[in-house]
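Source file model11.txt; content: compact mmCIF, C-alpha atoms.
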```txt
# COMPACT_ATOMS: atom_id res chain seq x y z
CA MET A 6 149.43 34.34 -228.06
CA THR A 7 153.13 33.57 -227.90
CA PHE A 8 154.74 31.77 -224.97
CA THR A 9 156.81 34.79 -223.92
CA ARG A 10 153.75 37.06 -224.01
CA GLY A 11 151.84 34.54 -221.91
CA VAL A 12 154.64 34.44 -219.34
CA GLY A 13 154.77 38.24 -219.31
CA LEU A 14 151.02 38.51 -218.74
CA PHE A 15 151.15 35.88 -215.98
CA PHE A 16 153.90 37.60 -214.01
CA GLY A 17 152.41 41.01 -214.78
CA ALA A 18 149.14 39.89 -213.18
CA ILE A 19 151.04 38.72 -210.09
CA ILE A 20 152.86 42.07 -209.83
CA ASP A 21 149.56 43.93 -210.19
CA ARG A 22 148.03 41.91 -207.34
CA ILE A 23 151.05 42.62 -205.13
CA VAL A 24 150.83 46.34 -205.95
CA ARG A 25 147.12 46.42 -205.09
CA TRP A 26 147.73 44.62 -201.80
CA LEU A 27 150.57 46.95 -200.86
CA ALA A 28 148.47 49.98 -201.82
CA LEU A 29 145.65 48.77 -199.56
CA SER A 30 148.15 48.20 -196.73
CA ARG A 31 149.04 51.93 -196.94
CA ILE A 32 152.77 51.19 -196.70
CA HIS A 33 154.83 54.13 -197.89
CA PRO A 34 156.72 53.57 -201.19
CA ASN A 35 159.96 54.83 -199.61
CA VAL A 36 159.68 52.06 -197.02
CA LEU A 37 159.48 49.52 -199.84
CA THR A 38 162.59 51.05 -201.39
CA PHE A 39 164.45 50.77 -198.09
CA ILE A 40 163.33 47.15 -197.61
CA GLY A 41 164.82 46.39 -201.04
CA LEU A 42 168.14 47.80 -199.83
CA VAL A 43 168.07 45.62 -196.70
CA ILE A 44 167.40 42.52 -198.80
CA ASN A 45 170.28 43.39 -201.12
CA ILE A 46 172.58 43.74 -198.11
CA TRP A 47 171.49 40.23 -197.10
CA ALA A 48 172.36 39.03 -200.62
CA ALA A 49 175.74 40.76 -200.32
CA TRP A 50 176.41 38.83 -197.11
CA LEU A 51 175.57 35.58 -198.92
CA PHE A 52 177.95 36.54 -201.74
CA SER A 53 180.69 37.21 -199.21
CA ARG A 54 180.18 33.70 -197.82
CA GLY A 55 180.33 32.11 -201.27
CA ASN A 56 176.63 31.11 -201.27
CA PHE A 57 176.10 32.40 -204.79
CA ALA A 58 172.95 30.42 -205.65
CA TRP A 59 171.08 31.59 -202.55
CA ALA A 60 172.37 35.12 -203.12
CA GLY A 61 170.87 35.04 -206.61
CA VAL A 62 167.48 34.00 -205.18
CA VAL A 63 167.62 36.82 -202.62
CA VAL A 64 168.52 39.38 -205.32
CA ILE A 65 165.38 38.27 -207.19
CA GLY A 66 163.39 39.04 -204.05
CA ALA A 67 165.02 42.46 -203.76
CA GLY A 68 164.24 43.10 -207.41
CA LEU A 69 160.55 42.60 -206.64
CA PHE A 70 160.65 45.60 -204.31
CA ASP A 71 162.49 47.59 -206.99
CA MET A 72 159.64 46.86 -209.39
CA VAL A 73 156.71 47.66 -207.10
CA ASP A 74 157.82 50.77 -205.16
CA GLY A 75 157.22 53.12 -208.08
CA ARG A 76 153.94 51.44 -209.00
CA VAL A 77 152.69 51.66 -205.43
CA ALA A 78 153.64 55.35 -205.38
CA ARG A 79 151.55 55.95 -208.51
CA ALA A 80 148.65 53.78 -207.29
CA THR A 81 148.46 55.67 -203.99
CA SER A 82 149.17 59.14 -205.46
CA GLN A 83 152.38 59.42 -203.46
CA VAL A 84 154.72 60.27 -206.33
CA THR A 85 157.11 62.97 -205.11
CA ARG A 86 160.36 64.53 -206.27
CA PHE A 87 162.10 63.27 -203.15
CA GLY A 88 160.78 59.75 -203.76
CA GLY A 89 162.51 59.60 -207.13
CA PHE A 90 165.71 60.97 -205.63
CA PHE A 91 165.57 58.56 -202.69
CA ASP A 92 164.98 55.59 -205.00
CA SER A 93 168.01 56.48 -207.14
CA VAL A 94 170.31 56.91 -204.14
CA VAL A 95 169.19 53.65 -202.53
CA ASP A 96 169.64 51.82 -205.85
CA ARG A 97 173.30 52.92 -205.90
CA TYR A 98 173.82 51.62 -202.37
CA SER A 99 172.13 48.35 -203.29
CA ASP A 100 174.38 47.87 -206.31
CA LEU A 101 177.53 48.68 -204.37
CA ALA A 102 176.51 46.37 -201.52
CA LEU A 103 176.34 43.40 -203.91
CA TYR A 104 179.76 44.19 -205.36
CA MET A 105 181.19 44.65 -201.86
CA GLY A 106 180.00 41.14 -201.05
CA LEU A 107 181.85 39.83 -204.10
CA LEU A 108 184.96 41.80 -203.13
CA VAL A 109 184.95 40.21 -199.68
CA TYR A 110 184.51 36.75 -201.19
CA TYR A 111 187.34 37.10 -203.70
CA ALA A 112 189.58 38.56 -201.02
CA SER A 113 188.84 35.59 -198.75
CA ILE A 114 190.00 33.12 -201.42
CA ASN A 115 193.01 35.25 -202.49
CA ARG A 116 191.81 35.95 -206.03
CA PHE A 117 193.49 39.32 -206.53
CA PHE A 118 192.63 39.58 -210.21
CA TYR A 119 188.91 39.25 -209.54
CA ILE A 120 189.13 41.81 -206.76
CA VAL A 121 190.44 44.28 -209.34
CA LEU A 122 187.82 43.19 -211.89
CA THR A 123 185.02 43.68 -209.36
CA ALA A 124 186.40 47.13 -208.55
CA ILE A 125 186.28 47.99 -212.27
CA VAL A 126 182.68 46.74 -212.38
CA MET A 127 181.79 48.92 -209.38
CA THR A 128 183.33 51.97 -211.05
CA GLY A 129 181.59 51.35 -214.37
CA SER A 130 178.22 50.76 -212.72
CA VAL A 131 178.38 53.99 -210.73
CA MET A 132 179.61 55.96 -213.74
CA VAL A 133 176.72 54.74 -215.91
CA SER A 134 174.33 56.41 -213.47
CA TYR A 135 176.53 59.45 -212.87
CA THR A 136 177.02 60.27 -216.55
CA ARG A 137 173.26 60.25 -217.14
CA ALA A 138 172.54 62.37 -214.05
CA ARG A 139 175.29 64.87 -214.89
CA ALA A 140 174.42 64.98 -218.59
CA GLU A 141 170.76 65.71 -217.88
CA ASN A 142 171.85 68.88 -216.07
CA THR A 143 173.12 70.04 -219.47
CA ILE A 144 170.91 68.36 -222.08
CA PRO A 145 167.24 67.27 -221.88
CA LYS A 146 167.82 63.51 -221.80
CA CYS A 147 170.70 61.01 -221.86
CA LYS A 148 169.14 57.56 -221.77
CA VAL A 149 171.40 55.99 -224.37
CA GLY A 150 173.54 52.89 -223.91
CA PHE A 151 172.66 49.27 -223.31
CA LEU A 152 173.80 48.35 -219.82
CA GLU A 153 171.55 50.11 -217.35
CA ARG A 154 170.67 48.87 -213.86
CA PRO A 155 167.98 46.29 -214.82
CA GLU A 156 170.37 44.60 -217.26
CA ARG A 157 173.16 44.56 -214.66
CA ILE A 158 170.88 43.01 -212.03
CA VAL A 159 169.69 40.32 -214.46
CA LEU A 160 173.31 39.48 -215.31
CA ILE A 161 174.23 39.24 -211.61
CA ILE A 162 171.26 36.93 -210.98
CA LEU A 163 172.23 34.69 -213.92
CA GLY A 164 175.86 34.63 -212.83
CA ALA A 165 174.90 33.68 -209.28
CA LEU A 166 172.31 31.02 -210.15
CA PHE A 167 174.37 29.33 -212.87
CA ASP A 168 177.79 29.74 -211.24
CA ARG A 169 179.09 31.99 -214.02
CA MET A 170 179.90 35.07 -211.99
CA ALA A 171 183.41 35.47 -213.40
CA ALA A 172 182.07 35.67 -216.96
CA VAL A 173 179.30 38.03 -215.86
CA LEU A 174 181.80 40.38 -214.24
CA TRP A 175 183.74 40.57 -217.51
CA VAL A 176 180.54 41.40 -219.41
CA ILE A 177 179.49 44.10 -216.95
CA ALA A 178 183.00 45.58 -216.79
CA ILE A 179 183.18 45.94 -220.58
CA LEU A 180 179.60 46.93 -221.40
CA SER A 181 179.15 49.36 -218.51
CA ASN A 182 182.22 51.34 -219.54
CA ILE A 183 181.13 51.23 -223.20
CA THR A 184 177.80 52.67 -222.03
CA VAL A 185 179.65 55.47 -220.22
CA VAL A 186 181.61 56.31 -223.38
CA HIS A 187 178.39 56.18 -225.44
CA ARG A 188 176.74 58.66 -223.07
CA MET A 189 179.75 60.96 -223.20
CA ILE A 190 179.68 61.00 -227.02
CA HIS A 191 175.90 61.52 -227.05
CA THR A 192 176.19 64.42 -224.59
CA TRP A 193 178.97 66.00 -226.66
CA GLN A 194 176.87 65.76 -229.81
CA GLU A 195 173.78 67.16 -228.10
CA CYS A 196 175.76 70.03 -226.58
CA LYS A 197 177.12 70.96 -230.01
CA ARG A 198 173.62 70.83 -231.50
CA LEU A 199 172.11 72.99 -228.75
CA GLU A 200 174.95 75.52 -228.96
CA GLN A 201 174.49 75.80 -232.73
CA GLU A 202 170.75 76.34 -232.31
CA GLN A 203 171.28 79.04 -229.69
CA SER A 204 174.08 80.91 -231.48
CA PRO A 205 172.84 83.95 -233.44
CA ALA A 206 172.91 83.59 -237.19
CA VAL A 207 175.73 85.55 -238.85
CA PRO A 208 174.28 87.84 -241.53
CA GLU A 209 175.65 87.42 -245.00
CA PRO A 210 177.74 90.36 -246.27
CA VAL A 211 175.87 92.80 -248.52
CA ARG A 212 177.19 92.65 -252.07
CA LYS A 213 177.30 95.94 -253.99
CA THR A 214 176.42 95.79 -257.64
CA VAL A 215 178.37 97.93 -260.07
CA ALA A 216 176.21 99.77 -262.61
```
So that I can check it, write out the structure of this file as structure tokens.
Amino acid sequence: MTFTRGVGLFFGAIIDRIVRWLALSRIHPNVLTFIGLVINIWAAWLFSRGNFAWAGVVVIGAGLFDMVDGRVARATSQVTRFGGFFDSVVDRYSDLALYMGLLVYYASINRFFYIVLTAIVMTGSVMVSYTRARAENTIPKCKVGFLERPERIVLIILGALFDRMAAVLWVIAILSNITVVHRMIHTWQECKRLEQEQSPAVPEPVRKTVA
């Protein structure tokens, strides 16, 4: 067994125990989702105060709720269409809350450039989710691109804990918008393919033979 697999199994066992305990407590999965939002708002407040290290720790705690709400829903047979919708909407608010905290911080120290950079990050992060949601109204699936929400959250945690938030913002700003472009190209290609499959075949002209 490799070290990374061992670590994965260890933390997986902890998550499973938490899920079982929450399932026995009969707490509704949507409540867990909302608690995650509240914790992220707390992290945003810490960001706005410049307490990046503590904010990173709090974001880790919020991420725990992000990981278990869906599992608790499945364990308690409470998976619903609205639950998936609610989780997606709350995730967007959680993301934007963290960036708002950074905006307030950079505004308080008069770092105009990083205010603009954070705004670009906010736009890219929202558009990554929007392009997938909008594309999947047209094509079956659009889950291409590297920088989805889990990767963004991990980057924010690393930037906060290791005091490298400026570099992390650059990475998210670039890769999130590359992901948006990737999804646009993928959707265009899939739309062309589907339209070609649905268009009626044009019969070949009948050739007359001369005797």
>> Just to confirm, what's the straight-line distance from CA of Asp74 in chain A to CA of Pro34 in chain A in Å (one decimal)?
In response: 5.0 Å
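Coordinates place CA of Leu122 in chain A at a distance of 7.3 Å from CA of Ala178 in chain A.
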> Of the residues A:Lys197, A:Tyr135, A:Asp21, A:Gly55, which is the one nearest to Lys148 in chain A, using only C-alpha atoms?
Replying inline: A:Tyr135
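Summary of the local environment: counting all atoms listed in the file, residues at most 10 Å from Asp100 in chain A, other than itself and those fewer than 4 positions away along its chain, are A:Leu42, A:Asn45, A:Ile46, A:Ala49, A:Val95, A:Asp96, A:Tyr104, A:Met105, A:Met127, A:Ser130, A:Val131, A:Arg154, A:Arg157, A:Ile158.
When CA of Asp168 in chain A is paired with CA of Ile114 in chain A, their separation reads 16.0 Å.
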